[in-house]
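Read through the structure below, which is laid out as structure tokens, and then see the notes.
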There are 2 protein chains.
Amino acid sequence: MRNICIYQEFLTDTHKQRIRETAESTGFIPHFFTLDQFEEARACLQDCEVLYAHDMNLLRAAPASLKWYCCSYAGVDPYCKDPGLFANPDCMLTNSNCYGVTIAEHVVMVLLMLLRRMPEYEETVRRRSWSNQLPIRSIRDNAFTILGLGNIGFHVAERLRGMGAAHITGLSRSGKAREPVYDEVLPISSLDEVLPRTKNLIMALPATAETYHILNRDRISLLPSDSCVVNVGRGTAIEQEPLIEALNSGRLAGAALDVMDPEPLPPDHPLWSARNLILTPHVSGNMTLGYTCDRNVDLFCEDLRNYAGGKPLNGLVDRTRGY
Amino acid sequence: MRNICIYQEFLTDTHKQRIRETAESTGFIPHFFTLDQFEEARACLQDCEVLYAHDMNLLRAAPASLKWYCCSYAGVDPYCKDPGLFANPDCMLTNSNCYGVTIAEHVVMVLLMLLRRMPEYEETVRRRSWSNQLPIRSIRDNAFTILGLGNIGFHVAERLRGMGAAHITGLSRSGKAREPVYDEVLPISSLDEVLPRTKNLIMALPATAETYHILNRDRISLLPSDSCVVNVGRGTAIEQEPLIEALNSGRLAGAALDVMDPEPLPPDHPLWSARNLILTPHVSGNMTLGYTCDRNVDLFCEDLRNYAGGKPLNGLVDRTRGY
């Protein structure tokens, strides 16, 4: 029999039932382990050809007969950096693009907070004072640049469109987008031309060699002084020191970072006290949203059917490219 | 000649030009005054049949020949309470329903902040600590009850719908809604039946005798313990003491108040320190948003054409009803 090792904490009985039914109909037996059953999972894994988890140590213990590792996270950069991680170099790696909805809601929230001057109003309220005449801006009739047009970029664009955004520019590696939700789609190589006309920059990029410090000091200086920056991809995409300088000097209107470098941020890091910065401790894509968990299981089951039928996997990651 | 007195601060040259053109084509002469020209405006007003302003003292100085007072605010409760305010008892009062977009963006922002536990995460970040496993919720697949189906209610519903809300219940005095954006529309008299199944309550009601403390102690106790309350109408609609008790005891998940009673809130008021409460100093509908100002002028010009043509005014307020 063909076995699947499943090492996850978030699965409900309904999720397990859905996985059992899909496995049965495709000729597999699923074996479920919670995160406190590492040893049991490792023992079982020796006879499995599929692993559904998000644990590098468990993957390291997998036999060369493992053919598919389905990672339940979206960011798989750590899995692409270490060539010795997979005993079978041809083992397929997939990630889970199920975080678009929850991350897009986070992006809409922090964009509105920046445009509506919430960091300043929250300070006013903390002082128990009353003033309400700061000029605010709106998503309606505003312009947005989205860097990274995967699942997150798509759901962000869809929501901005629904709220009356005037113009959405999308930038992707290929200069193409799967969904026709953007007003224009350009290759990332056009970034230097796009930044001077960017009012709101939303970054949703994976961590790769190419995206490391893609928003560097020079590019930060290309942004107009009333622009806002939101990052929900990976912290390494921004050169943080010049961003902090730009915020503290008022050279930028504001920023919202859910990801930073390093994480957790050390207590003495200057990001904690930067001006007009909304910091969140990497919460935008967390798994506590029911929809996200359901979608994670759906994506695994879809790809299990693809795998069993010898079809290409939807979530397949190019390990040399990093996403 | 027929004269219009305009006493406003926010008008740009473009706005004035639009008003001049509309006035000219309908047989009127507009006279513009800024807020530091009260005496000049009062003198001019004596020969005017239309006043476009938001100033009770100026209105009090108007002659009995004033036929239409166009108030650039949405909330006109102070104008309806004082019967001696209008020298001409038949003077028409209109309000400006141009605040729906900016207030709806505020509502989406604070709803996301409550559902995503931002008051708690902001406290985490203030302590420079790192934890990110609070269960969060989503607008997608969630249910909402909107109390008051005017311009604000409509724009809120439209945005929640666009973000994937599962169910939107609307309540209005008449039990009807102008726009077909709600899943169900009920009369406000059904409130006691709706509250026990309300996950998120959005209040956008005018201040009238009927809406005073409409969310009183008994009704607050009907809400489920995981529900959130947002008020962007008038502060008098909520009995604040039991709301504060419910928040501080964890009987309610959270609330966001942009309006309260009284305003400004005194420094020793218990609302300042209530748990999981997002307070803003009446900013949701402020006039600093370009779109809001444009729309305000558009609505005045539309109704000026109606007025000149002897047609009913779109913004007409029933002074006995209060909105």
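Residue numbers start at 1 in each chain; chains themselves are named A, B, ... in the order of the structure tokens; ligands are numbered from 1 in the order shown.
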
### Message
Please identify the strand (DSSP E or B) residues within segment 102-203 of chain A (assignment by DSSP from backbone atoms) and present them as a list in words.
### Response
Ala143, Phe144, Thr145, Ile146, Leu147, His167, Ile168, Thr169, Gly170, Leu171, Ser172, Glu184, Val185, Leu186, Pro187, Asn200, Leu201, Ile202 and Met203 of chain A

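DSSP secondary structure from the backbone places B:Ile220, B:Ser221, B:Leu222, B:Gly235, B:Thr236, B:Ala237, B:Gln240, B:Glu241, B:Pro242, B:Leu243, B:Ile244, B:Glu245, B:Ala246, B:Leu247, B:Asn248, B:Pro270, B:Leu271, B:Trp272, B:Ser273, B:Gly290, B:Tyr291, B:Thr292, B:Cys293, B:Asp294, B:Arg295 of segment 220-295 of chain B in helix (DSSP H, G or I).
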
### Message
If the cut-off is 9 Å, can you tell me the residues of chain B near chain A, counting only C-alpha atoms? I'd like them as a PyMOL selection string.
### Response
chain B and resi 101-102+105-106+108-113+116+118+121-122+124-141+158-159+162-163+263-268+272+278-284+286-291

### Summary
From atom CA of Arg234 of chain A to atom CA of Arg295 of chain A the spacing works out at 21.8 Å

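Shortest atom-to-atom contact with Ala43 of chain B among B:Thr26, B:Tyr99, B:Arg20, B:Cys5: B:Cys5, counting only C-alpha atoms.
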